[in-house]
Every structure is written in C-alpha cells, then in structure tokens.
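Chemist: This is input_0.txt, which holds compact mmCIF, C-alpha atoms:
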```
# COMPACT_ATOMS: atom_id res chain seq x y z
CA MET A 1 12.09 19.34 10.48
CA ALA A 2 14.84 21.93 10.15
CA ASP A 3 17.68 21.39 7.69
CA SER A 4 21.03 21.37 9.52
CA LYS A 5 22.54 23.32 6.60
CA MET A 6 19.85 25.98 6.43
CA LYS A 7 21.03 29.59 6.38
CA SER A 8 17.92 30.95 8.09
CA PRO A 9 18.17 29.50 11.62
CA ASP A 10 15.65 31.95 13.10
CA THR A 11 12.74 30.24 11.36
CA PHE A 12 10.53 27.64 12.98
CA TRP A 13 8.44 24.81 11.55
CA HIS A 14 4.73 25.61 11.81
CA GLN A 15 2.68 22.55 12.63
CA PRO A 16 -0.46 22.38 10.44
CA ILE A 17 -3.91 22.12 12.00
CA ILE A 18 -5.12 19.63 9.39
CA THR A 19 -2.91 16.57 9.62
CA ARG A 20 -1.70 14.32 6.85
CA GLU A 21 -3.74 11.48 8.34
CA SER A 22 -6.91 13.57 8.12
CA ARG A 23 -6.23 14.38 4.49
CA GLU A 24 -5.54 10.74 3.67
CA ARG A 25 -8.79 9.64 5.27
CA GLN A 26 -10.62 12.20 3.15
CA ASN A 27 -8.76 11.08 0.03
CA GLY A 28 -9.26 7.37 0.62
CA HIS A 29 -5.59 6.56 -0.03
CA ARG A 30 -2.14 7.24 1.38
CA GLY A 31 0.14 9.97 0.17
CA ALA A 32 3.40 8.76 -1.37
CA ILE A 33 6.39 9.78 -3.47
CA ILE A 34 6.57 7.61 -6.59
CA TRP A 35 10.06 8.12 -7.96
CA PHE A 36 10.49 7.17 -11.63
CA THR A 37 14.17 6.98 -12.60
CA GLY A 38 15.93 5.94 -15.78
CA LEU A 39 17.82 7.18 -18.81
CA SER A 40 16.60 10.01 -20.97
CA ALA A 41 13.84 8.68 -23.29
CA SER A 42 13.35 5.55 -21.14
CA GLY A 43 9.67 6.46 -20.72
CA LYS A 44 9.64 8.06 -17.27
CA SER A 45 7.44 11.03 -18.08
CA THR A 46 5.17 9.05 -20.40
CA LEU A 47 4.62 6.43 -17.71
CA ALA A 48 4.19 8.93 -14.87
CA HIS A 49 1.51 10.83 -16.77
CA ALA A 50 -0.21 7.62 -17.87
CA VAL A 51 -0.33 6.41 -14.27
CA GLU A 52 -1.65 9.77 -13.15
CA HIS A 53 -4.40 9.63 -15.79
CA LYS A 54 -5.47 6.18 -14.63
CA LEU A 55 -5.46 7.21 -10.96
CA HIS A 56 -7.28 10.48 -11.68
CA GLU A 57 -10.08 8.51 -13.32
CA ARG A 58 -10.40 6.58 -10.06
CA GLY A 59 -10.58 9.69 -7.88
CA VAL A 60 -7.00 9.56 -6.58
CA ARG A 61 -5.28 12.87 -5.75
CA THR A 62 -2.03 13.12 -7.69
CA ILE A 63 0.52 15.48 -9.19
CA VAL A 64 3.34 14.86 -11.67
CA LEU A 65 6.69 16.61 -11.23
CA ASP A 66 8.49 16.35 -14.56
CA GLY A 67 12.22 16.98 -14.97
CA ASP A 68 12.03 19.38 -17.92
CA ASN A 69 9.08 21.31 -16.47
CA VAL A 70 10.78 21.81 -13.11
CA ARG A 71 13.88 23.19 -14.80
CA HIS A 72 11.73 25.90 -16.36
CA GLY A 73 11.01 27.32 -12.91
CA LEU A 74 12.09 25.97 -9.54
CA CYS A 75 15.43 24.68 -10.84
CA GLY A 76 15.94 27.08 -13.73
CA ASP A 77 19.18 28.31 -12.17
CA LEU A 78 20.82 24.87 -12.26
CA GLY A 79 22.95 23.25 -14.91
CA PHE A 80 23.93 19.60 -15.34
CA SER A 81 27.15 19.32 -13.38
CA ASP A 82 27.19 16.60 -10.72
CA GLU A 83 26.69 19.26 -8.04
CA ASP A 84 23.76 20.87 -9.84
CA ARG A 85 22.14 17.50 -10.47
CA SER A 86 22.35 16.72 -6.76
CA GLU A 87 20.84 20.09 -5.85
CA ASN A 88 18.10 19.57 -8.44
CA ILE A 89 17.11 16.28 -6.80
CA ARG A 90 17.35 17.74 -3.29
CA ARG A 91 14.89 20.50 -4.20
CA ILE A 92 12.52 18.06 -5.84
CA GLY A 93 12.70 15.82 -2.80
CA GLN A 94 11.71 18.68 -0.51
CA VAL A 95 8.83 19.75 -2.78
CA SER A 96 7.67 16.14 -3.02
CA LYS A 97 7.69 15.84 0.75
CA LEU A 98 5.38 18.87 1.04
CA PHE A 99 2.89 17.22 -1.31
CA LEU A 100 3.29 13.96 0.62
CA GLU A 101 2.28 15.71 3.84
CA ALA A 102 -0.82 16.97 2.02
CA GLY A 103 -1.82 13.36 1.34
CA VAL A 104 -1.08 13.58 -2.38
CA ILE A 105 0.54 10.86 -4.50
CA VAL A 106 3.51 12.61 -6.13
CA LEU A 107 4.73 11.06 -9.38
CA THR A 108 8.23 12.31 -10.15
CA ALA A 109 9.97 11.75 -13.49
CA PHE A 110 13.68 12.54 -13.21
CA ILE A 111 16.75 10.82 -14.59
CA SER A 112 18.26 11.21 -11.07
CA PRO A 113 21.36 9.28 -12.16
CA PHE A 114 23.11 8.93 -8.81
CA ARG A 115 22.10 6.40 -6.16
CA ILE A 116 23.20 8.66 -3.31
CA ASP A 117 20.80 11.42 -4.40
CA ARG A 118 17.87 9.02 -4.67
CA SER A 119 18.83 7.60 -1.28
CA ARG A 120 18.80 11.08 0.24
CA VAL A 121 15.25 11.61 -0.92
CA ARG A 122 14.28 8.23 0.50
CA MET A 123 15.79 9.27 3.84
CA MET A 124 13.62 12.41 3.91
CA VAL A 125 10.61 10.24 4.79
CA ASP A 126 10.03 8.09 7.88
CA ASP A 127 7.80 5.32 6.51
CA PRO A 128 9.22 3.00 3.79
CA ARG A 129 5.82 3.13 2.06
CA ASP A 130 6.26 6.87 1.53
CA PHE A 131 8.99 6.46 -1.12
CA ILE A 132 8.41 4.02 -3.98
CA GLU A 133 11.29 3.79 -6.45
CA ILE A 134 10.44 2.65 -9.98
CA TYR A 135 13.25 1.96 -12.42
CA CYS A 136 12.29 2.44 -16.06
CA LYS A 137 14.51 -0.24 -17.54
CA CYS A 138 15.45 0.54 -21.11
CA SER A 139 18.70 0.00 -23.02
CA ILE A 140 20.56 3.03 -24.29
CA ASP A 141 20.10 1.75 -27.86
CA VAL A 142 16.32 1.83 -27.49
CA CYS A 143 16.47 5.21 -25.75
CA GLU A 144 18.50 6.64 -28.63
CA SER A 145 16.04 5.25 -31.17
CA ARG A 146 13.21 7.08 -29.36
CA ASP A 147 15.09 10.35 -29.00
CA ILE A 148 12.82 12.76 -30.88
CA LYS A 149 14.63 15.72 -29.31
CA GLY A 150 17.95 14.65 -30.85
CA LEU A 151 19.74 14.95 -27.51
CA TYR A 152 21.71 11.71 -27.78
CA LYS A 153 22.91 12.60 -31.25
CA ARG A 154 24.09 15.99 -30.03
CA ALA A 155 25.70 14.44 -26.95
CA ARG A 156 27.67 11.98 -29.09
CA LYS A 157 28.94 14.93 -31.14
CA GLY A 158 30.13 16.57 -27.93
CA GLU A 159 27.59 19.37 -28.16
CA ILE A 160 25.95 18.52 -24.80
CA PRO A 161 28.40 17.95 -21.93
CA ASP A 162 27.60 15.78 -18.90
CA PHE A 163 24.87 13.86 -20.73
CA THR A 164 23.72 10.81 -18.80
CA GLY A 165 24.57 7.53 -20.49
CA ILE A 166 27.07 9.15 -22.86
CA SER A 167 29.49 11.39 -20.98
CA SER A 168 28.02 11.08 -17.48
CA PRO A 169 27.16 7.83 -15.66
CA TYR A 170 23.77 6.43 -14.73
CA GLU A 171 23.73 4.25 -11.61
CA ILE A 172 21.05 1.56 -11.86
CA PRO A 173 18.93 1.22 -8.70
CA GLU A 174 19.96 -1.71 -6.53
CA ASN A 175 16.74 -2.02 -4.53
CA ALA A 176 13.96 -0.50 -6.62
CA ASN A 177 10.41 -1.40 -5.64
CA LEU A 178 9.76 -2.12 -9.32
CA ALA A 179 11.92 -2.45 -12.42
CA VAL A 180 9.54 -2.05 -15.34
CA ASP A 181 10.77 -2.98 -18.82
CA THR A 182 9.63 0.04 -20.83
CA SER A 183 11.46 -1.22 -23.92
CA ARG A 184 9.36 -4.38 -24.15
CA LEU A 185 6.01 -3.69 -22.49
CA SER A 186 3.25 -1.39 -23.70
CA VAL A 187 2.44 1.75 -21.73
CA GLU A 188 -0.78 0.11 -20.53
CA GLU A 189 1.10 -2.95 -19.25
CA CYS A 190 3.62 -0.73 -17.48
CA VAL A 191 0.81 1.27 -15.86
CA GLU A 192 -0.79 -1.89 -14.51
CA GLN A 193 2.53 -3.01 -13.02
CA VAL A 194 2.95 0.35 -11.28
CA ILE A 195 -0.59 0.32 -9.87
CA ARG A 196 -0.16 -3.24 -8.58
CA THR A 197 3.07 -2.15 -6.90
CA LEU A 198 1.30 0.78 -5.21
CA GLN A 199 -1.36 -1.62 -3.96
CA ASP A 200 1.23 -4.13 -2.73
CA CYS A 201 3.09 -1.34 -0.91
CA GLY A 202 -0.09 -0.17 0.85
CA VAL A 203 -0.35 3.17 -0.93
CA LEU A 204 -3.61 2.33 -2.73
CA PRO A 205 -6.50 0.14 -1.56
CA ILE A 206 -6.63 -3.22 -3.35
CA GLU A 207 -10.06 -2.56 -4.85
CA ILE A 208 -9.18 0.76 -6.49
```
Output the file's structure as structure tokens, nothing else.
Modeler:
Amino acid sequence: MADSKMKSPDTFWHQPIITRESRERQNGHRGAIIWFTGLSASGKSTLAHAVEHKLHERGVRTIVLDGDNVRHGLCGDLGFSDEDRSENIRRIGQVSKLFLEAGVIVLTAFISPFRIDRSRVRMMVDDPRDFIEIYCKCSIDVCESRDIKGLYKRARKGEIPDFTGISSPYEIPENANLAVDTSRLSVEECVEQVIRTLQDCGVLPIEI
C-alpha cells in the first residue's frame, strides 16, 4: 500500500507471486510483529532474544530487531528528539511489516516511549493478531540498578538529553497483550508467558 506522504509517487507496489499465506503454511505458524516496549534496561532485548532462541529450537522462523543495532544502520541518521524517535519507530514498523508479509515472527525490542507511535505501527497491519504488544514492566529503580552502560547515571548528570524516564517521558501501554514483570520473574518465566500469549493470540499452534 502506498504511503500518502511518499515523495516518489511514480512507483507502484509489486504484488509477490508467493503469498504470505503460502509461506505461513510452509512455516507451520503465522507471521506476526511482537513489539517489546519498556524503559531502557527493562529487559526488552534480553527477553526478545531468549524468546527467539526458544522458538528457533522449535523450528519457528524469527528475527530480532534490536534498538541499538538498528541505530547502527537503518536509523543511524536519527537522534533522540521526539521527532526522530517517531521516525525511528515508523521505519521499524515498515521493516517489520515486510518480514510479516514473509511469514516471519518479528521480535522488536525498542523503548518506543510514545503510545501514538506504537499505535501507528499497530495500524499498519489489518489483522489484530499481526501486532502483539508486550510491555516489559520494570520500575526505574530496578532499571537503574541494571544499567551496566551507565546511561541513567549520565542522564541524571545532564550528559544525555531526552533520556526516557529521566528527561523524556515514557507512556505505559494501556492495552498491551501482555505486561510481563521483568523485575520479579526470571527470564525463563518471562519467555513462557510470551509463548503462551503467542499461542493464545493464534500466532503459534498450541502444541509447539
């Protein structure tokens, strides 16, 4: 579908020969965007990779899109202003949708602090099962205690502007498919909660 704001109007969407449905039948599961959101150091990337490892062992086709990794390439030209954060999430949403159409389960790990940006990604897909929002619930105190990069400490000194939770807001999801308490549960327990949610939402077969 064409973007109404696109600056290249003389381009046309090419319909693939191999459909998403065909790929999903071959894979044995649906494609989906699994959107992990939460504060820095809340466990998003750790959980996304742990879920991917578990699913990979079971033959599920997956990919993890990690916030830091994406900013080394696709979004390397963006900063952390509100506008750049929104553009960062828009790009990730579009990339995720491409993987979705290939029948892949995309596990994204982004702070994505603003509800409106997460909602825009949700609106990129037609089926509610295609976008599963998972809130990594973790207090800022616990996040700071885990902060091996020292980002919170630098943010509190004013060395990092627009830092989520310190000088920039984080808007907690109002209707997440799952709020997983990463401050209290083990990684293994969190993984099991995520997989059960994917089964309940019809992304994975119950017996996987």
Chemist: Which polymer residues have any atom within 6 Å of an atom of segment 11-21 of chain A, counting all atoms listed in the file, with same-chain residues fewer than 2 positions away left out, as a compact mmCIF listing (two decimals) with C-alpha atoms, in the coordinates of the input?
Modeler:
```
# COMPACT_ATOMS: atom_id res chain seq x y z
CA PRO A 9 18.17 29.50 11.62
CA ARG A 23 -6.23 14.38 4.49
CA GLU A 24 -5.54 10.74 3.67
CA GLU A 101 2.28 15.71 3.84
CA ALA A 102 -0.82 16.97 2.02
CA GLY A 103 -1.82 13.36 1.34
```
Chemist: Using all atoms listed in the file - which residues lie no farther than 12 Å from the point (16.6, 10.5, 0.3) in the file's frame? Write them as a tab-separated table (two decimals) with C-alpha atoms, in the coordinates of the input.
Modeler:
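See part.tsv below for the written result:
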```
chain	number	residue	atom	x	y	z
A	33	ILE	CA	6.39	9.78	-3.47
A	35	TRP	CA	10.06	8.12	-7.96
A	86	SER	CA	22.35	16.72	-6.76
A	89	ILE	CA	17.11	16.28	-6.80
A	90	ARG	CA	17.35	17.74	-3.29
A	91	ARG	CA	14.89	20.50	-4.20
A	92	ILE	CA	12.52	18.06	-5.84
A	93	GLY	CA	12.70	15.82	-2.80
A	94	GLN	CA	11.71	18.68	-0.51
A	96	SER	CA	7.67	16.14	-3.02
A	97	LYS	CA	7.69	15.84	0.75
A	112	SER	CA	18.26	11.21	-11.07
A	114	PHE	CA	23.11	8.93	-8.81
A	115	ARG	CA	22.10	6.40	-6.16
A	116	ILE	CA	23.20	8.66	-3.31
A	117	ASP	CA	20.80	11.42	-4.40
A	118	ARG	CA	17.87	9.02	-4.67
A	119	SER	CA	18.83	7.60	-1.28
A	120	ARG	CA	18.80	11.08	0.24
A	121	VAL	CA	15.25	11.61	-0.92
A	122	ARG	CA	14.28	8.23	0.50
A	123	MET	CA	15.79	9.27	3.84
A	124	MET	CA	13.62	12.41	3.91
A	125	VAL	CA	10.61	10.24	4.79
A	126	ASP	CA	10.03	8.09	7.88
A	127	ASP	CA	7.80	5.32	6.51
A	128	PRO	CA	9.22	3.00	3.79
A	130	ASP	CA	6.26	6.87	1.53
A	131	PHE	CA	8.99	6.46	-1.12
A	132	ILE	CA	8.41	4.02	-3.98
A	133	GLU	CA	11.29	3.79	-6.45
```
Chemist: For atom CA of Cys143 of chain A and atom CA of Gly38 of chain A, quote the distance in Å rounded to one decimal.
Modeler: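 One can read the atom CA of Cys143 of chain A to atom CA of Gly38 of chain A distance as 10.0 Å.
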Chemist: With all atoms listed in the file as the atoms that count, which of A:Ser183, A:Val64, A:Arg58, A:Asp162 lies nearest to Glu83 of chain A?
Modeler: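 Going through A:Ser183, A:Val64, A:Arg58, A:Asp162 one by one, the smallest distance to Glu83 of chain A is for A:Asp162.
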Chemist: For Lys54 of chain A, work out the shell of residues within 10 Å, counting all atoms listed in the file and skipping chain neighbours fewer than 5 positions away, then give it as a ChimeraX atom specification.
Modeler: /A:49,59-60,188,191-192,195
Chemist: Just to confirm, what's the straight-line distance from atom CA of Ser45 of chain A to atom CA of Ala109 of chain A in Å (one decimal)?
Modeler: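 Going from atom CA of Ser45 of chain A over to atom CA of Ala109 of chain A, I get 5.3 Å.
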Chemist: Under the rule that only C-alpha atoms are counted, which of A:Arg154, A:Ser139, A:Thr197, A:Ile105 is the nearest residue to Glu52 of chain A?
Modeler: A:Ile105
Chemist: Write out as a PyMOL selection string the residues lying within 8 Å of Arg129 of chain A, counting only C-alpha atoms and excluding same-chain residues fewer than 5 positions away.
Modeler: chain A and resi 32+201-203
Chemist: Keeping only C-alpha atoms, take the residues you just selected and write them out as a PDB file, in the frame of the given file.
Modeler:
```
ATOM      1  CA  ALA A  32       3.400   8.760  -1.370  1.00  0.00           C
ATOM      2  CA  CYS A 201       3.090  -1.340  -0.910  1.00  0.00           C
ATOM      3  CA  GLY A 202      -0.090  -0.170   0.850  1.00  0.00           C
ATOM      4  CA  VAL A 203      -0.350   3.170  -0.930  1.00  0.00           C
TER       5      VAL A 203
END
```
Chemist: Counting all atoms listed in the file, figure out which residue out of A:Gly76, A:Pro205, A:Gly31, A:Gly150 gets nearest to Leu100 of chain A.
Modeler: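 When distances to Leu100 of chain A are compared using all atoms listed in the file, the smallest one comes from A:Gly31.
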Chemist: Tell me which of A:Ile206, A:Leu47, A:Phe99, A:Leu151 sits closest to Cys190 of chain A, counting only C-alpha atoms.
Modeler: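 Nearest candidate to Cys190 of chain A out of A:Ile206, A:Leu47, A:Phe99, A:Leu151: A:Leu47.
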Chemist: So, with only C-alpha atoms as the atoms that count, which of A:Gly158, A:Gly79, A:Gly67, A:Gly165 lies closest to Cys138 of chain A?
Modeler: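 Among A:Gly158, A:Gly79, A:Gly67, A:Gly165, it is A:Gly165 that comes nearest to Cys138 of chain A.
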Chemist: Between atom CA of Ile134 of chain A and atom CA of Phe110 of chain A, what is the distance, to one decimal in Å?
Modeler: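 Result for atom CA of Ile134 of chain A versus atom CA of Phe110 of chain A: 10.9 Å, one decimal.
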Chemist: Env of Leu65 of chain A: 8 Å cut, atoms = only C-alpha atoms, seq-sep filter 4 positions within chain, self excluded. Answer as a list in words.
Modeler: Asn69, Val70, Val106, Leu107, Thr108 and Ala109 of chain A
Chemist: With all atoms of segment 154-161 of chain A from the file as input, state the centre and edge lengths in Å to one decimal of the axis-aligned box that has 4 Å extra on each side, as AutoDock Vina command-line options.
Modeler:
```
--center_x 27.1 --center_y 15.7 --center_z -26.5 --size_x 14.0 --size_y 15.4 --size_z 17.2
```
Chemist: Quick one: of A:Gln199, A:Asn177, A:Ser168, A:Ser42, who's nearest to Arg85 of chain A, counting only C-alpha atoms?
Modeler: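 Closest to Arg85 of chain A, using only C-alpha atoms: A:Ser168.
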Chemist: Report as a short mmCIF file (atom, residue, chain, number, x, y, z; two decimals) with C-alpha atoms, keeping the file's coordinate frame all protein, DNA and RNA residues lying within 9 Å of Tyr152 of chain A, evaluated on only C-alpha atoms, omitting residues in the same chain fewer than 4 positions from it.
Modeler:
```cif
data_model
loop_
_atom_site.label_atom_id
_atom_site.label_comp_id
_atom_site.auth_asym_id
_atom_site.auth_seq_id
_atom_site.Cartn_x
_atom_site.Cartn_y
_atom_site.Cartn_z
CA SER A 40 16.60 10.01 -20.97
CA CYS A 143 16.47 5.21 -25.75
CA GLU A 144 18.50 6.64 -28.63
CA ASP A 147 15.09 10.35 -29.00
CA ARG A 156 27.67 11.98 -29.09
CA LYS A 157 28.94 14.93 -31.14
CA ILE A 160 25.95 18.52 -24.80
CA PHE A 163 24.87 13.86 -20.73
CA GLY A 165 24.57 7.53 -20.49
CA ILE A 166 27.07 9.15 -22.86
#
```
